[in-house]
$ cat coords14.pdb   # PDB, C-alpha atoms
ATOM      1  CA  MET A  29       0.000   0.000   0.000
ATOM      2  CA  THR A  30       1.250   3.483  -0.850
ATOM      3  CA  VAL A  31       0.554   6.729   0.952
ATOM      4  CA  ASP A  32      -1.639   7.956  -1.903
ATOM      5  CA  GLU A  33      -3.645   4.722  -1.880
ATOM      6  CA  ALA A  34      -4.123   4.901   1.884
ATOM      7  CA  LYS A  35      -5.307   8.511   1.721
ATOM      8  CA  ARG A  36      -7.683   7.656  -1.120
ATOM      9  CA  ILE A  37      -9.169   4.733   0.841
ATOM     10  CA  ALA A  38      -9.638   6.891   3.944
ATOM     11  CA  ARG A  39     -11.241   9.685   1.931
ATOM     12  CA  SER A  40     -13.612   7.397   0.057
ATOM     13  CA  PHE A  41     -14.604   5.638   3.290
ATOM     14  CA  ASP A  42     -15.531   8.949   4.854
ATOM     15  CA  GLU A  43     -17.750   9.761   1.855
ATOM     16  CA  ASN A  44     -19.335   6.293   1.648
ATOM     17  CA  LYS A  45     -22.806   6.102   3.199
ATOM     18  CA  GLN A  46     -23.215   2.323   2.860
ATOM     19  CA  VAL A  47     -20.011   0.634   3.973
ATOM     20  CA  THR A  48     -19.324  -3.099   3.811
ATOM     21  CA  GLU A  49     -17.139  -5.225   6.066
ATOM     22  CA  GLU A  50     -14.490  -5.115   3.350
ATOM     23  CA  ASP A  51     -14.691  -1.302   3.307
ATOM     24  CA  VAL A  52     -14.122  -1.232   7.071
ATOM     25  CA  PHE A  53     -11.174  -3.627   6.805
ATOM     26  CA  MET A  54      -9.538  -1.548   4.065
ATOM     27  CA  PHE A  55     -10.176   1.683   5.959
ATOM     28  CA  THR A  56      -8.615   0.453   9.189
ATOM     29  CA  GLU A  57      -5.659  -1.006   7.295
ATOM     30  CA  ALA A  58      -5.150   2.298   5.486
ATOM     31  CA  MET A  59      -5.350   4.337   8.672
ATOM     32  CA  ASN A  60      -2.921   2.067  10.495
ATOM     33  CA  PHE A  61      -0.546   2.362   7.545
ATOM     34  CA  LEU A  62      -0.728   6.161   7.714
ATOM     35  CA  ILE A  63      -0.244   6.110  11.478
ATOM     36  CA  GLU A  64       2.826   3.876  11.229
ATOM     37  CA  THR A  65       4.220   6.024   8.417
ATOM     38  CA  PHE A  66       3.666   9.543   9.749
ATOM     39  CA  HIS A  67       2.947   9.113  13.488
ATOM     40  CA  ASP A  68       0.354  11.880  13.181
ATOM     41  CA  PRO A  69      -1.813  12.118  16.342
ATOM     42  CA  GLY A  70      -4.608  13.525  14.175
ATOM     43  CA  ASP A  71      -4.756  10.216  12.288
ATOM     44  CA  MET A  72      -4.751   8.337  15.588
ATOM     45  CA  MET A  73      -7.670  10.400  16.837
ATOM     46  CA  TYR A  74      -9.511   9.957  13.541
ATOM     47  CA  LEU A  75      -9.319   6.175  13.772
ATOM     48  CA  GLY A  76     -10.081   6.241  17.481
ATOM     49  CA  GLY A  77     -13.085   8.440  16.786
ATOM     50  CA  TYR A  78     -14.386   5.934  14.260
ATOM     51  CA  TYR A  79     -14.159   3.175  16.859
ATOM     52  CA  TYR A  80     -15.831   5.428  19.435
ATOM     53  CA  GLU A  81     -18.800   6.008  17.105
ATOM     54  CA  GLN A  82     -19.029   2.245  16.617
ATOM     55  CA  LYS A  83     -19.012   1.859  20.421
ATOM     56  CA  LYS A  84     -15.794  -0.164  20.241
ATOM     57  CA  PHE A  85     -14.470   1.763  23.168
ATOM     58  CA  ASP A  86     -11.476  -0.459  23.924
ATOM     59  CA  LEU A  87     -10.092   0.297  20.470
ATOM     60  CA  ALA A  88     -10.958   3.984  20.793
ATOM     61  CA  LEU A  89      -9.039   4.021  24.065
ATOM     62  CA  LYS A  90      -6.015   2.434  22.392
ATOM     63  CA  TYR A  91      -5.737   5.130  19.732
ATOM     64  CA  TYR A  92      -6.603   8.010  22.071
ATOM     65  CA  GLU A  93      -3.814   6.888  24.396
ATOM     66  CA  MET A  94      -1.475   6.632  21.427
ATOM     67  CA  ALA A  95      -2.304  10.216  20.401
ATOM     68  CA  ALA A  96      -1.921  11.443  23.976
ATOM     69  CA  THR A  97       1.768  10.442  23.957
ATOM     70  CA  TYR A  98       2.222  13.355  21.520
ATOM     71  CA  ASP A  99       0.673  15.819  24.010
ATOM     72  CA  TYR A 100      -2.304  16.179  21.667
ATOM     73  CA  ALA A 101      -5.136  18.102  23.350
ATOM     74  CA  PRO A 102      -8.069  16.359  21.558
ATOM     75  CA  ALA A 103      -6.720  13.037  22.852
ATOM     76  CA  TYR A 104      -6.948  14.290  26.433
ATOM     77  CA  GLU A 105     -10.591  15.223  25.840
ATOM     78  CA  GLY A 106     -11.386  11.809  24.371
ATOM     79  CA  LEU A 107      -9.688  10.000  27.249
ATOM     80  CA  ALA A 108     -11.384  12.186  29.850
ATOM     81  CA  TYR A 109     -14.825  11.343  28.488
ATOM     82  CA  ILE A 110     -14.055   7.636  28.210
ATOM     83  CA  TRP A 111     -13.089   7.482  31.880
ATOM     84  CA  TYR A 112     -15.717   9.957  33.125
ATOM     85  CA  TYR A 113     -18.590   7.977  31.619
ATOM     86  CA  GLY A 114     -17.015   4.542  31.956
ATOM     87  CA  ARG A 115     -17.221   3.763  28.250
ATOM     88  CA  THR A 116     -15.017   0.686  28.578
ATOM     89  CA  GLY A 117     -17.099  -0.663  31.466
ATOM     90  CA  GLU A 118     -15.179   1.019  34.258
ATOM     91  CA  ARG A 119     -15.455   4.569  35.506
ATOM     92  CA  ASP A 120     -12.189   6.081  36.678
ATOM     93  CA  PHE A 121     -12.749   9.591  37.956
ATOM     94  CA  LYS A 122      -9.092   9.960  38.928
ATOM     95  CA  LYS A 123      -8.050   9.547  35.293
ATOM     96  CA  ALA A 124     -10.913  11.744  34.089
ATOM     97  CA  PHE A 125      -9.863  14.481  36.495
ATOM     98  CA  PHE A 126      -6.253  14.148  35.327
ATOM     99  CA  TYR A 127      -7.111  14.588  31.646
ATOM    100  CA  PHE A 128      -9.728  17.311  32.158
ATOM    101  CA  SER A 129      -7.203  19.180  34.328
ATOM    102  CA  LYS A 130      -4.635  19.087  31.549
ATOM    103  CA  LEU A 131      -7.133  20.763  29.249
ATOM    104  CA  MET A 132      -8.367  23.216  31.877
ATOM    105  CA  ASP A 133      -4.773  24.359  32.398
ATOM    106  CA  ARG A 134      -4.747  25.199  28.681
ATOM    107  CA  GLY A 135      -7.876  27.298  29.049
ATOM    108  CA  ASP A 136     -10.375  24.800  27.601
ATOM    109  CA  PRO A 137     -13.857  25.883  28.765
ATOM    110  CA  VAL A 138     -15.486  22.457  28.345
ATOM    111  CA  ALA A 139     -12.889  20.757  30.512
ATOM    112  CA  THR A 140     -13.246  23.598  33.011
ATOM    113  CA  TYR A 141     -16.964  23.105  33.578
ATOM    114  CA  LYS A 142     -16.448  19.329  33.733
ATOM    115  CA  ILE A 143     -13.894  19.868  36.516
ATOM    116  CA  ALA A 144     -16.470  22.088  38.233
ATOM    117  CA  ASP A 145     -19.023  19.276  37.962
ATOM    118  CA  MET A 146     -16.575  16.883  39.595
ATOM    119  CA  TYR A 147     -16.297  19.202  42.594
ATOM    120  CA  LYS A 148     -20.072  19.526  42.729
ATOM    121  CA  ASN A 149     -20.658  15.761  42.624
ATOM    122  CA  GLY A 150     -17.629  14.635  44.602
ATOM    123  CA  TYR A 151     -16.118  12.645  41.754
ATOM    124  CA  TYR A 152     -12.526  11.791  42.768
ATOM    125  CA  VAL A 153     -12.343  15.060  44.751
ATOM    126  CA  GLU A 154     -14.388  15.859  47.849
ATOM    127  CA  LYS A 155     -17.709  17.594  47.253
ATOM    128  CA  ASP A 156     -17.172  21.334  47.271
ATOM    129  CA  GLN A 157     -20.158  23.422  46.186
ATOM    130  CA  ALA A 158     -18.269  26.654  46.806
ATOM    131  CA  LYS A 159     -15.460  25.523  44.503
ATOM    132  CA  TYR A 160     -18.015  24.496  41.865
ATOM    133  CA  GLU A 161     -19.685  27.895  41.974
ATOM    134  CA  GLU A 162     -16.340  29.705  41.930
ATOM    135  CA  ILE A 163     -15.245  27.920  38.749
ATOM    136  CA  ILE A 164     -18.565  28.563  36.962
ATOM    137  CA  GLU A 165     -18.556  32.223  38.009
ATOM    138  CA  GLN A 166     -15.033  32.623  36.615
ATOM    139  CA  LEU A 167     -15.931  30.782  33.425
ATOM    140  CA  TYR A 168     -19.020  32.861  32.622
ATOM    141  CA  PRO A 169     -17.216  36.034  31.403
ATOM    142  CA  GLU A 170     -14.963  33.868  29.232
ATOM    143  CA  VAL A 171     -17.862  32.301  27.306
ATOM    144  CA  LYS A 172     -20.614  34.923  27.389
ATOM    145  CA  ASP A 173     -19.493  36.615  24.169
ATOM    146  CA  MET A 174     -18.840  33.417  22.218
ATOM    147  CA  HIS A 175     -20.960  33.070  19.077
ATOM    148  CA  ASN A 176     -20.152  29.705  17.494
ATOM    149  CA  VAL A 177     -23.175  27.472  18.142
ATOM    150  CA  PHE A 178     -20.851  24.670  19.252
ATOM    151  CA  ASP A 179     -19.191  26.817  21.929
ATOM    152  CA  PRO A 180     -20.191  25.723  25.459
ATOM    153  CA  VAL A 181     -22.390  28.735  26.125
ATOM    154  CA  PRO A 182     -25.585  26.801  27.039
ATOM    155  CA  GLU A 183     -23.645  24.430  29.292
ATOM    156  CA  VAL A 184     -22.141  27.286  31.298
ATOM    157  CA  PHE A 185     -25.250  29.489  31.252
ATOM    158  CA  THR A 186     -27.526  26.716  32.546
ATOM    159  CA  ARG A 187     -25.125  25.940  35.380
ATOM    160  CA  LEU A 188     -24.918  29.597  36.348
ATOM    161  CA  ALA A 189     -28.707  29.928  36.073
ATOM    162  CA  ARG A 190     -29.164  27.147  38.611
ATOM    163  CA  ILE A 191     -26.696  28.894  40.910
ATOM    164  CA  ARG A 192     -28.590  32.178  40.529
ATOM    165  CA  ALA A 193     -31.922  30.458  41.212
ATOM    166  CA  ASP A 194     -30.529  28.933  44.397
ATOM    167  CA  GLN A 195     -29.301  32.403  45.396
ATOM    168  CA  GLY A 196     -32.816  33.755  44.964
ATOM    169  CA  ARG A 197     -31.802  35.835  41.943
ATOM    170  CA  LYS A 198     -34.744  34.581  39.903
ATOM    171  CA  LYS A 199     -34.769  37.269  37.207
ATOM    172  CA  GLU A 200     -31.107  36.683  36.347
ATOM    173  CA  ALA A 201     -31.656  32.925  36.285
ATOM    174  CA  ILE A 202     -34.556  33.277  33.837
ATOM    175  CA  GLU A 203     -32.535  35.540  31.546
ATOM    176  CA  LEU A 204     -29.662  33.046  31.516
ATOM    177  CA  TYR A 205     -31.987  30.141  30.723
ATOM    178  CA  LEU A 206     -33.686  32.042  27.890
ATOM    179  CA  TYR A 207     -30.389  33.032  26.290
ATOM    180  CA  ALA A 208     -29.106  29.474  26.594
ATOM    181  CA  LYS A 209     -32.340  28.150  25.082
ATOM    182  CA  ASP A 210     -32.007  30.288  21.955
ATOM    183  CA  PHE A 211     -28.320  29.492  21.570
ATOM    184  CA  LEU A 212     -28.863  25.764  22.012
ATOM    185  CA  ALA A 213     -31.810  25.728  19.595
ATOM    186  CA  GLN A 214     -29.502  27.030  16.861
ATOM    187  CA  ARG A 215     -26.993  24.292  17.662
ATOM    188  CA  ILE A 216     -29.674  21.593  17.559
ATOM    189  CA  ARG A 217     -30.837  22.898  14.205
ATOM    190  CA  ARG A 218     -27.418  21.902  12.850
ATOM    191  CA  ASN A 219     -26.807  18.850  15.028
ATOM    192  CA  ALA A 220     -29.701  17.099  16.795
ATOM    193  CA  PHE A 221     -27.258  14.996  18.833
ATOM    194  CA  PHE A 222     -28.989  13.343  21.787
ATOM    195  CA  GLY A 223     -26.684  15.145  24.204
ATOM    196  CA  ASN A 224     -27.799  18.547  22.916
ATOM    197  CA  LEU A 225     -31.452  17.517  23.125
ATOM    198  CA  SER A 226     -30.936  16.296  26.691
ATOM    199  CA  ILE A 227     -29.508  19.680  27.688
ATOM    200  CA  MET A 228     -32.530  21.381  26.140
ATOM    201  CA  LYS A 229     -34.921  19.090  28.013
ATOM    202  CA  TRP A 230     -33.256  19.825  31.352
ATOM    203  CA  LEU A 231     -33.165  23.532  30.530
ATOM    204  CA  ILE A 232     -36.891  23.687  29.727
ATOM    205  CA  ASP A 233     -37.801  21.734  32.852
ATOM    206  CA  ALA A 234     -35.693  24.105  34.980
ATOM    207  CA  LEU A 235     -37.039  27.218  33.254
ATOM    208  CA  TYR A 236     -40.654  26.307  33.977
ATOM    209  CA  GLU A 237     -39.830  25.812  37.622
ATOM    210  CA  LEU A 238     -39.244  29.582  37.637
ATOM    211  CA  ILE A 239     -41.952  30.892  35.279
ATOM    212  CA  ASP A 240     -45.541  29.968  34.475
ATOM    213  CA  PHE A 241     -46.245  28.297  31.160
ATOM    214  CA  ASP A 242     -48.256  30.486  28.794
ATOM    215  CA  PRO A 243     -50.491  28.300  26.552
ATOM    216  CA  GLU A 244     -50.985  31.265  24.218
ATOM    217  CA  GLU A 245     -47.289  31.961  23.688
ATOM    218  CA  PHE A 246     -44.883  29.058  23.287
ATOM    219  CA  ASP A 247     -42.568  27.565  20.698
ATOM    220  CA  PHE A 248     -41.285  24.229  19.432
ATOM    221  CA  PHE A 249     -38.799  23.506  22.205
ATOM    222  CA  ASP A 250     -41.379  24.389  24.867
ATOM    223  CA  LEU A 251     -43.028  21.136  23.792
ATOM    224  CA  PHE A 252     -40.543  19.460  26.121
ATOM    225  CA  TYR A 253     -42.683  20.889  28.913
ATOM    226  CA  LEU A 254     -46.066  19.969  27.449
ATOM    227  CA  LEU A 255     -45.136  16.444  26.397
ATOM    228  CA  LYS A 256     -44.542  15.336  29.983
ATOM    229  CA  SER A 257     -48.302  14.990  30.472
ATOM    230  CA  PRO A 258     -51.475  14.480  28.384
ATOM    231  CA  HIS A 259     -51.981  17.318  25.900
ATOM    232  CA  LYS A 260     -53.312  17.885  22.405
ATOM    233  CA  ILE A 261     -51.412  20.469  20.378
ATOM    234  CA  THR A 262     -51.601  21.865  16.870
ATOM    235  CA  PHE A 263     -49.162  23.968  14.887
ATOM    236  CA  PHE A 264     -48.458  24.829  11.266
ATOM    237  CA  TYR A 265     -45.746  24.283   8.687
ATOM    238  CA  LYS A 266     -46.106  25.884   5.274
ATOM    239  CA  LYS A 267     -49.791  26.565   6.038
ATOM    240  CA  GLU A 268     -50.475  22.884   6.758
ATOM    241  CA  LYS A 269     -51.789  21.958  10.191
ATOM    242  CA  GLN A 270     -49.803  19.452  12.231
ATOM    243  CA  ASP A 271     -51.390  17.367  15.007
ATOM    244  CA  LEU A 272     -49.510  16.372  18.128
ATOM    245  CA  GLU A 273     -50.785  14.478  21.146
ATOM    246  CA  CYS A 274     -49.307  13.103  24.345
ATOM    247  CA  VAL A 275     -51.101  10.313  26.220
ATOM    248  CA  MET A 276     -50.229   8.194  29.237
ATOM    249  CA  GLU A 277     -49.662   4.479  28.831
ATOM    250  CA  GLU A 278     -48.697   2.481  31.920
ATOM    251  CA  ASN A 279     -47.518   5.646  33.703
ATOM    252  CA  ALA A 280     -45.338   6.654  30.760
ATOM    253  CA  ALA A 281     -45.960   9.563  28.398
ATOM    254  CA  VAL A 282     -46.046   8.520  24.737
ATOM    255  CA  VAL A 283     -46.357  10.879  21.804
ATOM    256  CA  CYS A 284     -48.329  10.729  18.558
ATOM    257  CA  PHE A 285     -47.387  13.111  15.755
ATOM    258  CA  ASN A 286     -49.510  13.082  12.606
ATOM    259  CA  GLY A 287     -50.447   9.457  13.244
ATOM    260  CA  LYS A 288     -46.954   8.204  14.066
ATOM    261  CA  TRP A 289     -46.217   7.071  17.616
ATOM    262  CA  PHE A 290     -43.076   7.748  19.637
ATOM    263  CA  ARG A 291     -42.218   6.037  22.909
ATOM    264  CA  SER A 292     -41.237   9.262  24.668
ATOM    265  CA  ARG A 293     -40.760  12.983  24.231
ATOM    266  CA  ASP A 294     -37.050  12.209  23.742
ATOM    267  CA  ASP A 295     -37.819   9.969  20.758
ATOM    268  CA  PHE A 296     -40.197  12.572  19.348
ATOM    269  CA  PHE A 297     -37.558  15.296  19.388
ATOM    270  CA  LYS A 298     -34.917  12.937  18.024
ATOM    271  CA  ASP A 299     -36.894  11.432  15.139
ATOM    272  CA  ALA A 300     -40.080  13.368  14.284
ATOM    273  CA  CYS A 301     -40.205  14.584  10.682
ATOM    274  CA  ILE A 302     -42.451  16.331   8.208
ATOM    275  CA  GLY A 303     -41.692  14.549   4.965
ATOM    276  CA  ASP A 304     -37.941  14.021   5.048
ATOM    277  CA  ARG A 305     -37.239  17.101   7.193
ATOM    278  CA  LYS A 306     -36.589  16.640  10.881
ATOM    279  CA  LEU A 307     -38.584  19.050  13.021
ATOM    280  CA  THR A 308     -35.407  20.106  14.809
ATOM    281  CA  SER A 309     -33.955  21.325  11.497
ATOM    282  CA  ILE A 310     -37.026  23.402  10.576
ATOM    283  CA  TYR A 311     -38.097  24.588  14.023
ATOM    284  CA  ARG A 312     -37.881  28.230  12.902
ATOM    285  CA  ASP A 313     -40.526  27.548  10.245
ATOM    286  CA  LEU A 314     -43.036  26.013  12.657
ATOM    287  CA  TYR A 315     -45.672  28.447  13.914
ATOM    288  CA  GLY A 316     -49.150  28.893  15.350
ATOM    289  CA  PHE A 317     -48.684  26.590  18.354
ATOM    290  CA  LYS A 318     -51.909  26.031  20.254
ATOM    291  CA  VAL A 319     -53.007  23.755  23.075
ATOM    292  CA  ARG A 320     -56.374  22.272  22.144
TER     293      ARG A 320
END

$ encode --input "coords14.pdb" --output "structure tokens"
Amino acid sequence: MTVDEAKRIARSFDENKQVTEEDVFMFTEAMNFLIETFHDPGDMMYLGGYYYEQKKFDLALKYYEMAATYDYAPAYEGLAYIWYYGRTGERDFKKAFFYFSKLMDRGDPVATYKIADMYKNGYYVEKDQAKYEEIIEQLYPEVKDMHNVFDPVPEVFTRLARIRADQGRKKEAIELYLYAKDFLAQRIRRNAFFGNLSIMKWLIDALYELIDFDPEEFDFFDLFYLLKSPHKITFFYKKEKQDLECVMEENAAVVCFNGKWFRSRDDFFKDACIGDRKLTSIYRDLYGFKVR
């Protein structure tokens, strides 16, 4: 195999939507060839990321650790998440703290709020709410003017909002939640990853602990609030009425959208479509929400 052949195989694999076992074999062979030839930590992370997506976490760990020997920051992030969430079957908060700390020392805001969470929850370190709040307070001015939808603005704003609510500063908490909601909605429009949807769900639940729900004035993501209990809702897309209903079955809320059933509000937000367009990608074009 030559370098040009290996690069071609890797490129074509990335573009291929229907891969075969042979495609996977050739791709992994090509990537290992490139890794052995150039020792590029970016290639190591690329192959490790493929294994991570396939939930082959032991192999992801192998390549992330390989990349980390080159002091490669993305490898520290990958390793931190593997150990924080126990992707290989074992949680190791000591290792997670070690890798997140390396990134925090470099000014990484994601690693910084994850370190804060570890102080809040007592993961590896002793619980220290004051330390948690101190880190989030210091992080807020660093992220508040960020504009890329993938910047960790909602993650920091929602944490600070909870702190403000606990301090009795309700108005500030509401403002933080509303800003985070709009920012996160734009991110979800581009990437309806389950993690982003989970943040939105928690945000909406927390927001409506502080304000009353207005059935005459709500939007698509406010459906997270309504779909916790039985409701019938209508809205419009391109002048066509859409019907949405939540009912209880065996103490669980299930959702029906235009005749199609979803097991939960999470599944609805993840999969509901009009034609071939996911609702999360066209949320700005949905209007006229009403509770029937």

$ closest_residue --input "coords14.pdb" --among "A:Lys35, A:Leu89, A:Lys266, A:Asp51" --to "A:Asp71" --atoms "all atoms listed in the file"
A:Lys35

$ atom_distance --input "coords14.pdb" --atom1 "atom CA of A:Tyr100" --atom2 "atom CA of A:Gly70"
8.3 Å

$ closest_residue --input "coords14.pdb" --among "A:Ala124, A:Ala95, A:Ile164, A:Ala220" --to "A:Tyr311" --atoms "all atoms listed in the file"
A:Ala220

$ axis_aligned_box --input "coords14.pdb" --around "stretch 291-298 of chain A" --padding-each-side "5 Å" --output "AutoDock Vina command-line options"
--center_x -38.6 --center_y 10.7 --center_z 21.3 --size_x 17.3 --size_y 19.3 --size_z 16.6

$ resolve_selection --input "coords14.pdb" --expression "the PyMOL selection byres ((chain A and resi 237) around 12)" --output "MDAnalysis selection string"
chainID A and resid 189:190 193:194 198 201:202 205 230:236 238:241 253

$ closest_residue --input "coords14.pdb" --among "A:Gly303, A:Gly196, A:Gly316, A:Pro258" --to "A:Glu244" --atoms "all atoms listed in the file"
A:Gly316

$ residues_near_point --input "coords14.pdb" --point "(-35.4, 22.8, 27.0)" --cutoff "12 Å" --atoms "all atoms listed in the file" --output "VMD selection string"
chain A and resid 182 186 205 to 213 216 223 to 237 246 to 255 293 to 294 297

$ atom_distance --input "coords14.pdb" --atom1 "atom CA of A:Phe66" --atom2 "atom CA of A:Ile37"
16.3 Å

$ resolve_selection --input "coords14.pdb" --expression "the PyMOL selection byres ((chain A and resi 162) around 12)" --output "list of chain:residue names"
A:Thr140, A:Tyr141, A:Ile143, A:Ala144, A:Asp145, A:Tyr147, A:Lys148, A:Asp156, A:Gln157, A:Ala158, A:Lys159, A:Tyr160, A:Glu161, A:Ile163, A:Ile164, A:Glu165, A:Gln166, A:Leu167, A:Tyr168, A:Arg187, A:Leu188, A:Ile191

$ resolve_selection --input "coords14.pdb" --expression "the PyMOL selection byres ((chain A and resi 286) around 7)" --output "list in words"
Gln270, Asp271, Leu272, Cys284, Phe285, Gly287 and Lys288 of chain A

$ residues_around --input "coords14.pdb" --residues "A:Pro102" --least-positions-apart "3" --cutoff "9 Å" --atoms "all atoms listed in the file" --output "list in words"
Gly70, Met73, Tyr92, Ala95, Ala96, Glu105, Gly106, Leu107 and Leu131 of chain A

$ atom_distance --input "coords14.pdb" --atom1 "atom CA of A:Lys130" --atom2 "atom CA of A:Phe178"
21.1 Å

$ closest_residue --input "coords14.pdb" --among "A:Tyr109, A:Tyr127, A:Tyr78, A:Tyr315" --to "A:Lys269" --atoms "all atoms listed in the file"
A:Tyr315

$ closest_residue --input "coords14.pdb" --among "A:Leu307, A:Met146, A:Val31, A:Val181" --to "A:Phe126" --atoms "all atoms listed in the file"
A:Met146

$ closest_residue --input "coords14.pdb" --among "A:Lys142, A:Arg134, A:Lys83, A:Arg305" --to "A:Ala108" --atoms "all atoms listed in the file"
A:Lys142
